[in-house]
file data-v6.pdb (PDB, C-alpha atoms, pLDDT in the B column)
MODEL        1
ATOM      1  CA  MET J   1      85.662 109.186  95.768  1.00 91.00           C
ATOM      2  CA  LYS J   2      88.825 110.754  97.168  1.00 97.00           C
ATOM      3  CA  ILE J   3      92.021 109.458  95.545  1.00 98.00           C
ATOM      4  CA  VAL J   4      95.403 110.289  97.042  1.00 98.00           C
ATOM      5  CA  ILE J   5      98.473 109.964  94.847  1.00 98.00           C
ATOM      6  CA  VAL J   6     101.297 109.317  97.301  1.00 98.00           C
ATOM      7  CA  ASN J   7     104.003 111.905  96.697  1.00 97.00           C
ATOM      8  CA  TYR J   8     107.532 110.913  97.700  1.00 97.00           C
ATOM      9  CA  GLY J   9     109.270 112.933  95.003  1.00 94.00           C
ATOM     10  CA  MET J  10     109.567 110.261  92.289  1.00 92.00           C
ATOM     11  CA  GLY J  11     106.604 109.743  90.011  1.00 80.00           C
ATOM     12  CA  ASN J  12     104.911 110.551  86.723  1.00 81.00           C
ATOM     13  CA  ILE J  13     102.168 112.312  88.627  1.00 95.00           C
ATOM     14  CA  LYS J  14     100.889 114.729  85.954  1.00 95.00           C
ATOM     15  CA  SER J  15      99.970 111.978  83.494  1.00 95.00           C
ATOM     16  CA  ILE J  16      98.235 109.985  86.244  1.00 97.00           C
ATOM     17  CA  ILE J  17      96.204 113.032  87.274  1.00 97.00           C
ATOM     18  CA  SER J  18      95.238 113.645  83.649  1.00 97.00           C
ATOM     19  CA  SER J  19      94.067 110.040  83.230  1.00 97.00           C
ATOM     20  CA  LEU J  20      92.084 110.082  86.470  1.00 98.00           C
ATOM     21  CA  LYS J  21      90.342 113.293  85.445  1.00 97.00           C
ATOM     22  CA  HIS J  22      89.601 111.770  82.040  1.00 97.00           C
ATOM     23  CA  ILE J  23      87.737 108.860  83.671  1.00 97.00           C
ATOM     24  CA  GLY J  24      85.741 111.195  85.901  1.00 97.00           C
ATOM     25  CA  VAL J  25      87.630 111.267  89.202  1.00 97.00           C
ATOM     26  CA  ASN J  26      87.013 114.726  90.634  1.00 92.00           C
ATOM     27  CA  GLU J  27      88.795 114.641  93.988  1.00 97.00           C
ATOM     28  CA  ILE J  28      92.502 113.956  93.433  1.00 98.00           C
ATOM     29  CA  ILE J  29      95.041 114.900  96.086  1.00 98.00           C
ATOM     30  CA  VAL J  30      98.812 114.645  95.718  1.00 98.00           C
ATOM     31  CA  SER J  31     100.224 114.329  99.204  1.00 98.00           C
ATOM     32  CA  ASN J  32     102.530 112.584 101.661  1.00 97.00           C
ATOM     33  CA  LYS J  33     100.669 113.813 104.727  1.00 98.00           C
ATOM     34  CA  LEU J  34      99.198 111.410 107.270  1.00 98.00           C
ATOM     35  CA  LYS J  35      95.814 113.144 107.431  1.00 98.00           C
ATOM     36  CA  ASP J  36      95.308 113.154 103.662  1.00 98.00           C
ATOM     37  CA  ILE J  37      96.221 109.483 103.382  1.00 98.00           C
ATOM     38  CA  GLU J  38      93.979 108.534 106.308  1.00 97.00           C
ATOM     39  CA  LEU J  39      90.997 110.403 104.817  1.00 97.00           C
ATOM     40  CA  SER J  40      91.452 108.979 101.316  1.00 98.00           C
ATOM     41  CA  ASP J  41      89.248 106.287  99.824  1.00 97.00           C
ATOM     42  CA  LYS J  42      92.042 104.751  97.748  1.00 98.00           C
ATOM     43  CA  LEU J  43      95.754 105.286  97.208  1.00 98.00           C
ATOM     44  CA  ILE J  44      97.971 105.289  94.142  1.00 98.00           C
ATOM     45  CA  LEU J  45     101.713 104.787  94.621  1.00 98.00           C
ATOM     46  CA  PRO J  46     103.464 105.924  91.417  1.00 97.00           C
ATOM     47  CA  GLY J  47     107.151 105.786  90.684  1.00 92.00           C
ATOM     48  CA  VAL J  48     109.943 106.240  88.190  1.00 92.00           C
ATOM     49  CA  GLY J  49     113.644 105.877  88.940  1.00 92.00           C
ATOM     50  CA  SER J  50     115.852 104.215  91.547  1.00 94.00           C
ATOM     51  CA  PHE J  51     114.384 101.758  94.062  1.00 97.00           C
ATOM     52  CA  ALA J  52     117.006 102.659  96.683  1.00 96.00           C
ATOM     53  CA  LYS J  53     116.434 106.415  96.371  1.00 96.00           C
ATOM     54  CA  ALA J  54     112.673 105.910  96.441  1.00 97.00           C
ATOM     55  CA  MET J  55     112.825 103.868  99.653  1.00 97.00           C
ATOM     56  CA  ASN J  56     115.119 106.454 101.209  1.00 97.00           C
ATOM     57  CA  ASN J  57     112.632 109.210 100.387  1.00 97.00           C
ATOM     58  CA  ILE J  58     109.761 107.117 101.728  1.00 98.00           C
ATOM     59  CA  LYS J  59     111.553 106.513 105.022  1.00 98.00           C
ATOM     60  CA  GLU J  60     112.562 110.166 105.420  1.00 98.00           C
ATOM     61  CA  LEU J  61     108.902 111.135 105.040  1.00 98.00           C
ATOM     62  CA  HIS J  62     107.828 108.330 107.430  1.00 98.00           C
ATOM     63  CA  LEU J  63     105.624 107.002 104.652  1.00 98.00           C
ATOM     64  CA  ASP J  64     106.724 103.441 105.390  1.00 98.00           C
ATOM     65  CA  THR J  65     104.905 103.616 108.726  1.00 98.00           C
ATOM     66  CA  ILE J  66     101.978 105.621 107.365  1.00 98.00           C
ATOM     67  CA  LEU J  67     101.433 103.196 104.489  1.00 98.00           C
ATOM     68  CA  TYR J  68     101.866 100.152 106.727  1.00 98.00           C
ATOM     69  CA  ASN J  69      99.056 101.376 108.985  1.00 98.00           C
ATOM     70  CA  SER J  70      96.793 102.504 106.153  1.00 98.00           C
ATOM     71  CA  VAL J  71      97.250  99.524 103.841  1.00 98.00           C
ATOM     72  CA  LEU J  72      98.045  96.522 106.038  1.00 98.00           C
ATOM     73  CA  ILE J  73      96.189  97.483 109.207  1.00 97.00           C
ATOM     74  CA  ASN J  74      93.260  99.555 107.922  1.00 97.00           C
ATOM     75  CA  LYS J  75      93.045  97.716 104.569  1.00 98.00           C
ATOM     76  CA  LYS J  76      92.877 100.803 102.382  1.00 98.00           C
ATOM     77  CA  PRO J  77      93.087  99.830  98.678  1.00 98.00           C
ATOM     78  CA  ILE J  78      96.332 100.787  96.963  1.00 98.00           C
ATOM     79  CA  LEU J  79      97.605 100.565  93.374  1.00 98.00           C
ATOM     80  CA  GLY J  80     101.362 100.611  92.809  1.00 98.00           C
ATOM     81  CA  ILE J  81     102.434 101.687  89.320  1.00 98.00           C
ATOM     82  CA  CYS J  82     105.798 100.697  87.787  1.00 97.00           C
ATOM     83  CA  LEU J  83     108.404 101.470  90.495  1.00 97.00           C
ATOM     84  CA  GLY J  84     105.484 101.822  92.903  1.00 98.00           C
ATOM     85  CA  MET J  85     104.578  98.186  92.219  1.00 98.00           C
ATOM     86  CA  GLN J  86     108.171  97.157  92.942  1.00 98.00           C
ATOM     87  CA  LEU J  87     108.344  99.154  96.187  1.00 98.00           C
ATOM     88  CA  LEU J  88     105.479  97.074  97.581  1.00 98.00           C
ATOM     89  CA  THR J  89     107.626  93.928  97.266  1.00 98.00           C
ATOM     90  CA  GLU J  90     110.129  92.636  99.815  1.00 98.00           C
ATOM     91  CA  SER J  91     113.355  93.769  98.170  1.00 98.00           C
ATOM     92  CA  SER J  92     115.229  94.824  95.041  1.00 97.00           C
ATOM     93  CA  ASN J  93     118.767  94.119  93.870  1.00 95.00           C
ATOM     94  CA  GLU J  94     119.048  97.520  92.205  1.00 90.00           C
ATOM     95  CA  ASP J  95     122.205  99.294  93.467  1.00 86.00           C
ATOM     96  CA  GLY J  96     122.807  96.477  95.948  1.00 88.00           C
ATOM     97  CA  LEU J  97     120.194  94.688  98.001  1.00 94.00           C
ATOM     98  CA  ASN J  98     117.552  97.076  99.324  1.00 96.00           C
ATOM     99  CA  ASN J  99     114.485  96.270 101.390  1.00 98.00           C
ATOM    100  CA  GLY J 100     111.093  97.329 100.081  1.00 98.00           C
ATOM    101  CA  LEU J 101     107.863  97.942 101.960  1.00 98.00           C
ATOM    102  CA  GLY J 102     107.309  94.171 102.118  1.00 98.00           C
ATOM    103  CA  PHE J 103     103.553  94.213 101.555  1.00 98.00           C
ATOM    104  CA  ILE J 104     103.731  91.543  98.820  1.00 98.00           C
ATOM    105  CA  PRO J 105     105.708  88.233  98.955  1.00 98.00           C
ATOM    106  CA  ALA J 106     107.822  88.952  95.891  1.00 98.00           C
ATOM    107  CA  LYS J 107     111.244  90.258  94.944  1.00 98.00           C
ATOM    108  CA  THR J 108     112.390  92.757  92.331  1.00 98.00           C
ATOM    109  CA  GLN J 109     115.338  91.700  90.178  1.00 96.00           C
ATOM    110  CA  LYS J 110     117.213  93.098  87.206  1.00 94.00           C
ATOM    111  CA  PHE J 111     116.475  91.579  83.821  1.00 92.00           C
ATOM    112  CA  SER J 112     119.170  89.087  82.844  1.00 84.00           C
ATOM    113  CA  ILE J 113     118.447  88.241  79.224  1.00 84.00           C
ATOM    114  CA  ASN J 114     120.525  87.799  76.097  1.00 80.00           C
ATOM    115  CA  ASN J 115     119.950  89.484  72.734  1.00 83.00           C
ATOM    116  CA  LEU J 116     117.224  91.807  74.043  1.00 88.00           C
ATOM    117  CA  LYS J 117     117.554  95.439  74.993  1.00 91.00           C
ATOM    118  CA  VAL J 118     117.140  96.521  78.589  1.00 92.00           C
ATOM    119  CA  PRO J 119     115.171  98.515  79.570  1.00 94.00           C
ATOM    120  CA  HIS J 120     112.089  96.788  78.222  1.00 95.00           C
ATOM    121  CA  VAL J 121     110.223  99.625  76.534  1.00 96.00           C
ATOM    122  CA  GLY J 122     106.999  99.574  74.542  1.00 97.00           C
ATOM    123  CA  PHE J 123     103.634  97.870  74.309  1.00 98.00           C
ATOM    124  CA  ASN J 124     103.503  94.185  75.192  1.00 98.00           C
ATOM    125  CA  GLN J 125     100.745  91.624  75.672  1.00 98.00           C
ATOM    126  CA  VAL J 126      99.621  90.600  79.146  1.00 98.00           C
ATOM    127  CA  VAL J 127      98.164  87.224  80.118  1.00 98.00           C
ATOM    128  CA  LYS J 128      95.590  88.190  82.706  1.00 97.00           C
ATOM    129  CA  PRO J 129      94.662  86.104  85.777  1.00 96.00           C
ATOM    130  CA  ARG J 130      91.696  83.765  85.584  1.00 92.00           C
ATOM    131  CA  GLU J 131      89.808  85.905  88.087  1.00 94.00           C
ATOM    132  CA  SER J 132      90.600  89.592  88.244  1.00 97.00           C
ATOM    133  CA  VAL J 133      89.054  92.874  89.261  1.00 98.00           C
ATOM    134  CA  LEU J 134      91.667  94.984  87.476  1.00 98.00           C
ATOM    135  CA  TYR J 135      91.168  93.297  84.094  1.00 98.00           C
ATOM    136  CA  SER J 136      87.382  93.055  84.187  1.00 98.00           C
ATOM    137  CA  GLY J 137      86.092  93.843  80.691  1.00 98.00           C
ATOM    138  CA  ILE J 138      89.625  93.783  79.228  1.00 98.00           C
ATOM    139  CA  ASP J 139      90.482  91.022  76.752  1.00 98.00           C
ATOM    140  CA  ASN J 140      93.217  88.535  77.520  1.00 98.00           C
ATOM    141  CA  LEU J 141      96.491  89.302  75.700  1.00 98.00           C
ATOM    142  CA  SER J 142      95.687  93.004  75.596  1.00 98.00           C
ATOM    143  CA  ASP J 143      98.605  95.425  75.198  1.00 98.00           C
ATOM    144  CA  PHE J 144      99.955  97.704  77.919  1.00 98.00           C
ATOM    145  CA  TYR J 145     102.893 100.112  77.874  1.00 98.00           C
ATOM    146  CA  PHE J 146     106.046  99.096  79.743  1.00 98.00           C
ATOM    147  CA  THR J 147     109.307 100.876  80.476  1.00 96.00           C
ATOM    148  CA  HIS J 148     111.485  99.141  83.079  1.00 96.00           C
ATOM    149  CA  SER J 149     114.826  97.436  83.699  1.00 95.00           C
ATOM    150  CA  TYR J 150     113.744  95.409  86.733  1.00 96.00           C
ATOM    151  CA  GLN J 151     111.147  92.671  87.000  1.00 97.00           C
ATOM    152  CA  VAL J 152     109.013  91.301  89.820  1.00 97.00           C
ATOM    153  CA  GLN J 153     109.224  87.562  90.532  1.00 97.00           C
ATOM    154  CA  SER J 154     107.500  85.451  93.185  1.00 97.00           C
ATOM    155  CA  ASP J 155     107.132  81.783  94.045  1.00 96.00           C
ATOM    156  CA  LYS J 156     103.807  82.546  95.745  1.00 96.00           C
ATOM    157  CA  GLN J 157     100.343  82.826  94.256  1.00 96.00           C
ATOM    158  CA  ILE J 158      99.569  86.541  94.243  1.00 98.00           C
ATOM    159  CA  ASN J 159      96.917  86.486  91.516  1.00 98.00           C
ATOM    160  CA  GLN J 160      99.478  87.652  89.026  1.00 98.00           C
ATOM    161  CA  ALA J 161      99.241  88.561  85.374  1.00 98.00           C
ATOM    162  CA  ILE J 162     102.179  87.521  83.218  1.00 98.00           C
ATOM    163  CA  CYS J 163     104.162  89.217  80.497  1.00 98.00           C
ATOM    164  CA  GLU J 164     107.091  87.794  78.544  1.00 96.00           C
ATOM    165  CA  TYR J 165     110.278  89.633  77.632  1.00 95.00           C
ATOM    166  CA  GLY J 166     113.075  87.110  77.322  1.00 89.00           C
ATOM    167  CA  ASN J 167     111.498  85.328  80.262  1.00 92.00           C
ATOM    168  CA  GLU J 168     108.156  85.508  82.015  1.00 95.00           C
ATOM    169  CA  PHE J 169     107.743  88.180  84.675  1.00 97.00           C
ATOM    170  CA  ILE J 170     104.870  89.458  86.779  1.00 98.00           C
ATOM    171  CA  ALA J 171     103.029  92.216  84.937  1.00 98.00           C
ATOM    172  CA  SER J 172     100.594  92.808  87.810  1.00 98.00           C
ATOM    173  CA  TYR J 173      99.321  91.342  91.046  1.00 98.00           C
ATOM    174  CA  GLU J 174      96.137  91.574  93.090  1.00 98.00           C
ATOM    175  CA  GLN J 175      96.233  90.436  96.704  1.00 97.00           C
ATOM    176  CA  ASP J 176      93.419  91.469  99.032  1.00 97.00           C
ATOM    177  CA  ASN J 177      93.450  95.301  99.024  1.00 98.00           C
ATOM    178  CA  ILE J 178      96.873  95.570  97.352  1.00 98.00           C
ATOM    179  CA  ALA J 179      97.413  95.796  93.610  1.00 98.00           C
ATOM    180  CA  GLY J 180     100.429  96.575  91.482  1.00 98.00           C
ATOM    181  CA  VAL J 181     101.047  96.964  87.769  1.00 98.00           C
ATOM    182  CA  GLN J 182     104.485  96.985  86.156  1.00 98.00           C
ATOM    183  CA  PHE J 183     103.156  98.809  83.098  1.00 98.00           C
ATOM    184  CA  HIS J 184     101.890 102.385  82.987  1.00 97.00           C
ATOM    185  CA  PRO J 185      98.078 102.351  82.710  1.00 98.00           C
ATOM    186  CA  GLU J 186      98.102 106.127  82.237  1.00 97.00           C
ATOM    187  CA  LEU J 187     100.145 105.581  79.031  1.00 96.00           C
ATOM    188  CA  SER J 188      98.327 102.444  77.846  1.00 97.00           C
ATOM    189  CA  GLN J 189      95.448 104.097  76.009  1.00 96.00           C
ATOM    190  CA  THR J 190      92.000 102.480  76.250  1.00 98.00           C
ATOM    191  CA  ASN J 191      93.155  99.355  78.101  1.00 98.00           C
ATOM    192  CA  GLY J 192      94.967 101.388  80.726  1.00 98.00           C
ATOM    193  CA  LEU J 193      92.046 103.728  81.277  1.00 98.00           C
ATOM    194  CA  LYS J 194      89.693 100.769  81.703  1.00 98.00           C
ATOM    195  CA  LEU J 195      92.053  99.247  84.270  1.00 98.00           C
ATOM    196  CA  LEU J 196      92.089 102.517  86.222  1.00 98.00           C
ATOM    197  CA  VAL J 197      88.284 102.611  86.143  1.00 98.00           C
ATOM    198  CA  ASN J 198      88.218  99.060  87.516  1.00 98.00           C
ATOM    199  CA  PHE J 199      90.582 100.004  90.336  1.00 98.00           C
ATOM    200  CA  ILE J 200      88.688 103.160  91.256  1.00 98.00           C
ATOM    201  CA  LYS J 201      85.189 101.673  91.090  1.00 97.00           C
ATOM    202  CA  ASN J 202      85.597  98.070  92.181  1.00 97.00           C
ATOM    203  CA  PHE J 203      88.977  97.108  93.640  1.00 97.00           C
ATOM    204  CA  GLY J 204      88.991  96.408  97.360  1.00 90.00           C
ATOM    205  CA  CYS J 205      85.290  97.187  97.687  1.00 76.00           C
TER
ENDMDL
END

call {"tool": "encode", "arguments": {"input": "data-v6.pdb", "output": "structure tokens"}}
result
Amino acid sequence: MKIVIVNYGMGNIKSIISSLKHIGVNEIIVSNKLKDIELSDKLILPGVGSFAKAMNNIKELHLDTILYNSVLINKKPILGICLGMQLLTESSNEDGLNNGLGFIPAKTQKFSINNLKVPHVGFNQVVKPRESVLYSGIDNLSDFYFTHSYQVQSDKQINQAICEYGNEFIASYEQDNIAGVQFHPELSQTNGLKLLVNFIKNFGC
């Protein structure tokens, strides 16, 4: 199994690599090159930081076109993590309105909540979807580690898991060959490792 971590200059790549090695993934490539992405079995799109800067980097590297062809046309499975999950949505209102990759019918919006700190940081329970590949073998209301100031919202059914922090937001989604998680599975201990195993072994197969 060849896993490519998409490198656009903004991601917690070392901890993801460490987690993948821990669960037995031997072929891990960090790359933004067309050939590597085309020859991969599955993709991971990580991300920490500004949505606008991330999209600018992605466009400069022509990754928007590369990912469009690989994910939407060739149906290669992809997992977006944290900012990576948000980049797969249609837009974000961080630093003005910025278009995302548009692979998922959802929008990314800043938390607007009273009496709670933003960013939302720490372990929080997730209500998993009724049917899910990512959460197979993981109990409902299990804890995952979050650190984010923006939340994904959608009025569509995208097989979403839900978390609550002031209001409900989408903790993850699974649509065809596209998955995203707002939390960091690589920092979520046993639950996060199990979710990564589920993605690697079973998602999009």

call {"tool": "resolve_selection", "arguments": {"input": "data-v6.pdb", "expression": "the PyMOL selection byres ((chain J and resi 23-40) around 6)", "output": "JSON, numbers by chain"}}
result
{"J": [2, 3, 4, 5, 6, 7, 20, 21, 22, 41, 42]}

call {"tool": "closest_residue", "arguments": {"input": "data-v6.pdb", "among": "J:Ser18, J:Gln182, J:Ser112, J:Thr147", "to": "J:Gln86", "atoms": "all atoms listed in the file"}}
result
J:Gln182

call {"tool": "resolve_selection", "arguments": {"input": "data-v6.pdb", "expression": "the PyMOL selection byres ((chain J and resi 186) around 7)", "output": "ChimeraX atom specification"}}
result
/J:15-16,19,184-185,187-188,192-193

call {"tool": "atom_distance", "arguments": {"input": "data-v6.pdb", "atom1": "atom CA of J:Val48", "atom2": "atom CA of J:Ser149"}}
result
11.0 Å

call {"tool": "closest_residue", "arguments": {"input": "data-v6.pdb", "among": "J:Glu94, J:Thr108, J:Gly11, J:Asn191", "to": "J:Ile170", "atoms": "all atoms listed in the file"}}
result
J:Thr108

call {"tool": "atom_distance", "arguments": {"input": "data-v6.pdb", "atom1": "atom CA of J:Ile44", "atom2": "atom CA of J:Ile81"}}
result
7.5 Å

call {"tool": "atom_distance", "arguments": {"input": "data-v6.pdb", "atom1": "atom CA of J:Gly84", "atom2": "atom CA of J:Leu116"}}
result
24.4 Å

call {"tool": "closest_residue", "arguments": {"input": "data-v6.pdb", "among": "J:Ile178, J:Leu134, J:Cys163, J:Met55", "to": "J:Leu195", "atoms": "all atoms listed in the file"}}
result
J:Leu134

call {"tool": "closest_residue", "arguments": {"input": "data-v6.pdb", "among": "J:Lys110, J:Lys201, J:Lys76, J:His148", "to": "J:Leu43", "atoms": "all atoms listed in the file"}}
result
J:Lys76

call {"tool": "resolve_selection", "arguments": {"input": "data-v6.pdb", "expression": "the PyMOL selection byres ((chain J and resi 198) around 10)", "output": "PyMOL selection string"}}
result
chain J and resi 132-138+192-197+199-203

call {"tool": "residues_around", "arguments": {"input": "data-v6.pdb", "residues": "J:Asn57", "least_positions_apart": "5", "cutoff": "10 Å", "atoms": "all atoms listed in the file", "output": "CSV table (one decimal) with C-alpha atoms, keeping the file's coordinate frame"}}
result
chain,number,residue,atom,x,y,z
J,7,ASN,CA,104.0,111.9,96.7
J,8,TYR,CA,107.5,110.9,97.7
J,9,GLY,CA,109.3,112.9,95.0
J,10,MET,CA,109.6,110.3,92.3
J,51,PHE,CA,114.4,101.8,94.1
J,52,ALA,CA,117.0,102.7,96.7
J,62,HIS,CA,107.8,108.3,107.4
J,63,LEU,CA,105.6,107.0,104.7
J,64,ASP,CA,106.7,103.4,105.4

call {"tool": "closest_residue", "arguments": {"input": "data-v6.pdb", "among": "J:Ile58, J:Ser172, J:Pro105, J:Phe111", "to": "J:Lys156", "atoms": "all atoms listed in the file"}}
result
J:Pro105

call {"tool": "closest_residue", "arguments": {"input": "data-v6.pdb", "among": "J:Ile162, J:Ile113, J:Leu83, J:Leu61", "to": "J:Asn12", "atoms": "all atoms listed in the file"}}
result
J:Leu83

call {"tool": "residues_around", "arguments": {"input": "data-v6.pdb", "residues": "J:Asp139", "least_positions_apart": "5", "cutoff": "10 Å", "atoms": "only C-alpha atoms", "output": "MDAnalysis selection string"}}
result
chainID J and resid 126:128 191

call {"tool": "residues_near_point", "arguments": {"input": "data-v6.pdb", "point": "(105.8, 100.0, 76.4)", "cutoff": "7 Å", "atoms": "all atoms listed in the file", "output": "VMD selection string"}}
result
chain J and resid 121 to 124 144 to 147

call {"tool": "residues_near_point", "arguments": {"input": "data-v6.pdb", "point": "(107.0, 89.8, 86.6)", "cutoff": "6 Å", "atoms": "all atoms listed in the file", "output": "PyMOL selection string"}}
result
chain J and resi 151-153+169-171

call {"tool": "axis_aligned_box", "arguments": {"input": "data-v6.pdb", "around": "stretch 77-96 of chain J", "padding_each_side": "3 Å", "output": "JSON"}}
result
{"center_x": 107.9, "center_y": 97.2, "center_z": 93.8, "size_x": 35.7, "size_y": 15.2, "size_z": 18.0}

call {"tool": "build_atoms", "arguments": {"input": "data-v6.pdb", "residues": "stretch 53-67 of chain J", "atoms": "N, CA and C atoms", "output": "mmCIF file, in the coordinates of the input"}}
result
data_model
loop_
_atom_site.group_PDB
_atom_site.id
_atom_site.type_symbol
_atom_site.label_atom_id
_atom_site.label_comp_id
_atom_site.auth_asym_id
_atom_site.auth_seq_id
_atom_site.Cartn_x
_atom_site.Cartn_y
_atom_site.Cartn_z
ATOM 1 N N LYS J 53 116.746 105.010 96.091
ATOM 2 C CA LYS J 53 116.434 106.415 96.371
ATOM 3 C C LYS J 53 114.973 106.574 96.776
ATOM 4 N N ALA J 54 114.096 105.833 96.104
ATOM 5 C CA ALA J 54 112.673 105.910 96.441
ATOM 6 C C ALA J 54 112.424 105.470 97.874
ATOM 7 N N MET J 55 113.020 104.345 98.282
ATOM 8 C CA MET J 55 112.825 103.868 99.653
ATOM 9 C C MET J 55 113.424 104.839 100.663
ATOM 10 N N ASN J 56 114.525 105.461 100.313
ATOM 11 C CA ASN J 56 115.119 106.454 101.209
ATOM 12 C C ASN J 56 114.178 107.637 101.397
ATOM 13 N N ASN J 57 113.596 108.114 100.294
ATOM 14 C CA ASN J 57 112.632 109.210 100.387
ATOM 15 C C ASN J 57 111.423 108.815 101.224
ATOM 16 N N ILE J 58 110.929 107.611 100.994
ATOM 17 C CA ILE J 58 109.761 107.117 101.728
ATOM 18 C C ILE J 58 110.034 107.077 103.237
ATOM 19 N N LYS J 59 111.209 106.598 103.603
ATOM 20 C CA LYS J 59 111.553 106.513 105.022
ATOM 21 C C LYS J 59 111.746 107.894 105.639
ATOM 22 N N GLU J 60 112.362 108.810 104.901
ATOM 23 C CA GLU J 60 112.562 110.166 105.420
ATOM 24 C C GLU J 60 111.237 110.860 105.683
ATOM 25 N N LEU J 61 110.237 110.537 104.876
ATOM 26 C CA LEU J 61 108.902 111.135 105.040
ATOM 27 C C LEU J 61 108.011 110.324 105.982
ATOM 28 N N HIS J 62 108.565 109.237 106.538
ATOM 29 C CA HIS J 62 107.828 108.330 107.430
ATOM 30 C C HIS J 62 106.639 107.671 106.730
ATOM 31 N N LEU J 63 106.713 107.620 105.405
ATOM 32 C CA LEU J 63 105.624 107.002 104.652
ATOM 33 C C LEU J 63 105.597 105.494 104.809
ATOM 34 N N ASP J 64 106.727 104.887 105.170
ATOM 35 C CA ASP J 64 106.724 103.441 105.390
ATOM 36 C C ASP J 64 105.770 103.078 106.513
ATOM 37 N N THR J 65 105.806 103.853 107.593
ATOM 38 C CA THR J 65 104.905 103.616 108.726
ATOM 39 C C THR J 65 103.473 104.006 108.384
ATOM 40 N N ILE J 66 103.314 105.146 107.734
ATOM 41 C CA ILE J 66 101.978 105.621 107.365
ATOM 42 C C ILE J 66 101.290 104.625 106.440
ATOM 43 N N LEU J 67 102.024 104.140 105.431
ATOM 44 C CA LEU J 67 101.433 103.196 104.489
ATOM 45 C C LEU J 67 101.183 101.836 105.132
#
